[in-house]
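Shown next, in structure tokens, is the structure this report addresses.
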Amino acid sequence: MKLPSHLKNNYEWVFLGPMGPFLLERFQHYPLICVDGGAHFTHRMDLWVGDGDSYKGELKTEHKYEHSPHKDLSDLALALSLFREQYPYTFFFWGFLGGRRDHEMFNLGEGLSFLEAHSHSTIFFFGEDTKIYYELKGPGEWRFHHQGLFSLGTLKKGEVTLSGEVRYPISQGQVLGPLSSQGLSNLGFGDIHLKNAEPLFIYYPEGK
């Protein structure tokens, strides 16, 4: 299973999941991969990956990767496995939050696992209200802008530096443990500088 040759050099993609809502017009120009039931929420797609448990309709694409429902990986994990190049990817995950909490948590886990092998890449998770709630960062150095609450977490122990316009900075070289409450409930006031040795997530409880 691999990406069609005419698509593999794209760095930015929309992954469309089964929770919806319908994909906004401003994302329609990106290459689009539908993950099973995500096909309900768009009029077009470049390719489809799934086991068909949440979509039974006609698939309007020539690039279909159908899998057995008795597999040991999620549809999202299989979709991510298509991206093998060491590019600085930006992925927009639309329709992967909400519904069952275990699905939501494992979607985040698959995103962080992908980023472990793809430094300088970013994944944005959008909620049903079309706001960003999670921003996942691969290992690297980042600058972002935020005013309001946010939390910072990782699933793997590693050094993290957080500075700039934040209430609670993290000094250079400090180690952040898995889901450590040290990163809980920070406050941004503008431009923020982040450096991380391992993949991590930024959670925006009010959306962004």
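Ordering of the structure tokens sets the chain letters (A, B, ...), residue numbers begin anew at 1 in every chain, and ligands are numbered from 1 in the order given.
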query = Could you pull the residues within 8 Å of stretch 179-183 of chain A, counting only C-alpha atoms, minus those fewer than 5 positions along the same chain, as a list in words?
reply =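 Result of the neighbour search: Ser151, Leu152, Gly153, Thr154 and Leu155 of chain A.
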request  = Please provide as an MDAnalysis selection string all residues within 10 Å of A:Gly158, with the sequence filter that same-chain residues fewer than 6 positions apart are discarded (counting only C-alpha atoms).
outcome  = chainID A and resid 139 173:178 196:200
message = Need to verify the contact set: A:Arg84, 12 Å, only C-alpha atoms, exclusion of same-chain residues closer than 2 positions in sequence. Can you return it as a VMD selection string?
response = chain A and resid 1 to 3 8 to 11 78 to 82 86 to 89 114 to 115 117 to 118
So that I have them on file, write out the residues from the current selection with N, CA, C and O atoms, as an mmCIF file, in the first residue's frame.
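File written: part.cif
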data_model
loop_
_atom_site.group_PDB
_atom_site.id
_atom_site.type_symbol
_atom_site.label_atom_id
_atom_site.label_comp_id
_atom_site.auth_asym_id
_atom_site.auth_seq_id
_atom_site.Cartn_x
_atom_site.Cartn_y
_atom_site.Cartn_z
ATOM 1 N N MET A 1 0.848 -1.187 0.000
ATOM 2 C CA MET A 1 0.000 0.000 0.000
ATOM 3 C C MET A 1 0.885 1.238 0.000
ATOM 4 O O MET A 1 1.730 1.398 0.882
ATOM 5 N N LYS A 2 0.711 2.084 -1.006
ATOM 6 C CA LYS A 2 1.515 3.298 -1.081
ATOM 7 C C LYS A 2 0.707 4.405 -1.740
ATOM 8 O O LYS A 2 -0.292 4.158 -2.428
ATOM 9 N N LEU A 3 1.181 5.626 -1.561
ATOM 10 C CA LEU A 3 0.511 6.770 -2.168
ATOM 11 C C LEU A 3 0.678 6.740 -3.682
ATOM 12 O O LEU A 3 1.727 6.337 -4.193
ATOM 13 N N LYS A 8 2.433 11.840 -3.834
ATOM 14 C CA LYS A 8 3.343 11.544 -2.730
ATOM 15 C C LYS A 8 4.256 12.708 -2.340
ATOM 16 O O LYS A 8 4.846 12.691 -1.268
ATOM 17 N N ASN A 9 4.374 13.727 -3.182
ATOM 18 C CA ASN A 9 5.238 14.855 -2.844
ATOM 19 C C ASN A 9 4.488 16.003 -2.171
ATOM 20 O O ASN A 9 5.047 17.073 -1.966
ATOM 21 N N ASN A 10 3.234 15.781 -1.819
ATOM 22 C CA ASN A 10 2.474 16.793 -1.087
ATOM 23 C C ASN A 10 2.824 16.737 0.400
ATOM 24 O O ASN A 10 2.824 15.663 1.006
ATOM 25 N N TYR A 11 3.084 17.890 0.988
ATOM 26 C CA TYR A 11 3.444 17.984 2.399
ATOM 27 C C TYR A 11 2.230 18.236 3.289
ATOM 28 O O TYR A 11 2.299 18.000 4.499
ATOM 29 N N LEU A 78 -3.511 2.905 9.540
ATOM 30 C CA LEU A 78 -3.204 2.431 8.189
ATOM 31 C C LEU A 78 -3.061 3.597 7.211
ATOM 32 O O LEU A 78 -2.199 3.577 6.324
ATOM 33 N N ALA A 79 -3.903 4.618 7.375
ATOM 34 C CA ALA A 79 -3.784 5.800 6.524
ATOM 35 C C ALA A 79 -2.440 6.497 6.745
ATOM 36 O O ALA A 79 -1.768 6.900 5.790
ATOM 37 N N LEU A 80 -2.024 6.612 7.999
ATOM 38 C CA LEU A 80 -0.742 7.256 8.298
ATOM 39 C C LEU A 80 0.439 6.458 7.749
ATOM 40 O O LEU A 80 1.476 7.044 7.403
ATOM 41 N N SER A 81 0.283 5.147 7.643
ATOM 42 C CA SER A 81 1.384 4.318 7.149
ATOM 43 C C SER A 81 1.708 4.587 5.681
ATOM 44 O O SER A 81 2.754 4.156 5.184
ATOM 45 N N LEU A 82 0.835 5.301 4.980
ATOM 46 C CA LEU A 82 1.102 5.668 3.587
ATOM 47 C C LEU A 82 2.202 6.724 3.468
ATOM 48 O O LEU A 82 2.791 6.892 2.406
ATOM 49 N N GLN A 86 10.462 11.546 4.717
ATOM 50 C CA GLN A 86 10.828 12.405 5.838
ATOM 51 C C GLN A 86 10.590 13.876 5.471
ATOM 52 O O GLN A 86 11.509 14.693 5.437
ATOM 53 N N TYR A 87 9.334 14.195 5.200
ATOM 54 C CA TYR A 87 8.964 15.565 4.883
ATOM 55 C C TYR A 87 8.492 16.274 6.159
ATOM 56 O O TYR A 87 8.058 15.622 7.112
ATOM 57 N N PRO A 88 8.525 17.598 6.164
ATOM 58 C CA PRO A 88 7.903 18.357 7.253
ATOM 59 C C PRO A 88 6.390 18.459 7.009
ATOM 60 O O PRO A 88 5.877 19.456 6.530
ATOM 61 N N TYR A 89 5.679 17.399 7.344
ATOM 62 C CA TYR A 89 4.257 17.316 7.034
ATOM 63 C C TYR A 89 3.434 18.248 7.922
ATOM 64 O O TYR A 89 3.757 18.491 9.091
ATOM 65 N N PHE A 114 3.206 8.615 14.953
ATOM 66 C CA PHE A 114 3.665 9.015 13.626
ATOM 67 C C PHE A 114 4.729 10.108 13.730
ATOM 68 O O PHE A 114 5.758 10.067 13.044
ATOM 69 N N LEU A 115 4.506 11.076 14.596
ATOM 70 C CA LEU A 115 5.420 12.212 14.702
ATOM 71 C C LEU A 115 6.765 11.828 15.299
ATOM 72 O O LEU A 115 7.760 12.527 15.093
ATOM 73 N N ALA A 117 8.617 9.569 14.326
ATOM 74 C CA ALA A 117 9.500 9.291 13.191
ATOM 75 C C ALA A 117 9.495 10.416 12.160
ATOM 76 O O ALA A 117 10.116 10.272 11.098
ATOM 77 N N HIS A 118 8.761 11.504 12.438
ATOM 78 C CA HIS A 118 8.658 12.611 11.486
ATOM 79 C C HIS A 118 8.825 13.936 12.229
ATOM 80 O O HIS A 118 7.858 14.627 12.542
#
inquiry  = Report, in Å with one decimal, the straight-line distance from atom CA of A:Gly38 to atom CA of A:Glu66.
reply    =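 Taking atom CA of A:Gly38 and atom CA of A:Glu66, their separation equals 13.9 Å.
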request  = Excluding A:Tyr168 and residues on its chain fewer than 5 positions from it, collect all residues at most 9 Å away from it, counting only C-alpha atoms, and give them as a PyMOL selection string.
outcome  = chain A and resi 162-163+183+186-188
message = Can you tell me which residues surround stretch 130-132 of chain A at a distance of at most 10 Å, considering only C-alpha atoms, apart from same-chain residues fewer than 4 positions away, and format the answer as a list of chain:residue names?
response =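 My list of contacting residues is A:Gly20, A:Pro21, A:Phe22, A:Leu23, A:Leu24, A:Phe92, A:Phe93, A:Trp94, A:Gly95, A:Phe124, A:Phe125, A:Phe126, A:Tyr203, A:Tyr204, A:Pro205, A:Glu206, A:Gly207, A:Lys208.
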remark   = One residue among A:His145, A:Tyr134, A:Glu165, A:Ala39 is nearest to A:Leu108 when using only C-alpha atoms, and that residue is A:Tyr134
ask   = Taking the backbone alone, and naming residues the way the document does, which bits of stretch 1-198 of chain A are strand (DSSP E) by DSSP, as JSON, numbers by chain?
value = {"A": [12, 13, 14, 15, 16, 32, 33, 34, 35, 47, 48, 49, 50, 64, 65, 66, 90, 91, 92, 93, 94, 122, 123, 124, 125, 126, 132, 133, 134, 135, 136, 137, 140, 141, 142, 143, 144, 145, 146, 147, 148, 149, 150, 151, 152, 153, 158, 159, 160, 161, 162, 163, 164, 165, 166, 170, 171, 172, 173, 174, 175, 176, 186, 187, 188, 189, 190, 191, 192, 193, 194, 195, 196]}
message = Quick check for you: according to DSSP on this backbone, which residues of stretch 45-96 of chain A are classed as alpha helix (DSSP H)? Reply as a PyMOL selection string.
response = chain A and resi 75-80
Would you output that residue set with all heavy atoms, as a compact mmCIF listing (two decimals), in the first residue's frame?
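Generated output (part.txt):
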# COMPACT_ATOMS: atom_id res chain seq x y z
N ASP A 75 -8.05 2.18 11.19
CA ASP A 75 -8.04 2.75 9.85
C ASP A 75 -7.12 3.96 9.78
O ASP A 75 -6.43 4.18 8.78
CB ASP A 75 -9.47 3.15 9.43
CG ASP A 75 -10.38 1.95 9.27
OD1 ASP A 75 -9.89 0.86 8.92
OD2 ASP A 75 -11.60 2.10 9.50
N LEU A 76 -7.12 4.77 10.84
CA LEU A 76 -6.25 5.95 10.85
C LEU A 76 -4.78 5.55 10.83
O LEU A 76 -3.98 6.15 10.10
CB LEU A 76 -6.55 6.81 12.08
CG LEU A 76 -5.65 8.04 12.26
CD1 LEU A 76 -5.75 8.97 11.04
CD2 LEU A 76 -6.01 8.79 13.53
N ALA A 77 -4.42 4.54 11.61
CA ALA A 77 -3.03 4.09 11.61
C ALA A 77 -2.61 3.60 10.22
O ALA A 77 -1.50 3.87 9.76
CB ALA A 77 -2.84 2.97 12.63
N LEU A 78 -3.51 2.91 9.54
CA LEU A 78 -3.20 2.43 8.19
C LEU A 78 -3.06 3.60 7.21
O LEU A 78 -2.20 3.58 6.32
CB LEU A 78 -4.29 1.47 7.72
CG LEU A 78 -4.32 0.13 8.46
CD1 LEU A 78 -5.61 -0.62 8.15
CD2 LEU A 78 -3.11 -0.73 8.08
N ALA A 79 -3.90 4.62 7.38
CA ALA A 79 -3.78 5.80 6.52
C ALA A 79 -2.44 6.50 6.74
O ALA A 79 -1.77 6.90 5.79
CB ALA A 79 -4.94 6.75 6.80
N LEU A 80 -2.02 6.61 8.00
CA LEU A 80 -0.74 7.26 8.30
C LEU A 80 0.44 6.46 7.75
O LEU A 80 1.48 7.04 7.40
CB LEU A 80 -0.60 7.43 9.81
CG LEU A 80 -1.42 8.56 10.43
CD1 LEU A 80 -1.43 8.45 11.95
CD2 LEU A 80 -0.87 9.93 10.00
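One finds atom CA of A:Ser119 at 13.7 Å from atom CA of A:Leu194.
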ask   = Neighbours of A:Leu47 within 10 Å (only C-alpha atoms; same-chain residues fewer than 6 positions away dropped), as a ChimeraX atom specification?
value = /A:3-4,7,31-35,39,59-65,79
message = Measuring between only C-alpha atoms, which one of A:Val160, A:Leu149, A:Ile202, A:Ile123 shows the shortest distance to A:Glu12?
response = A:Ile123
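The space separating atom CA of A:Gly98 from atom CA of A:Val14 comes to 17.7 Å.
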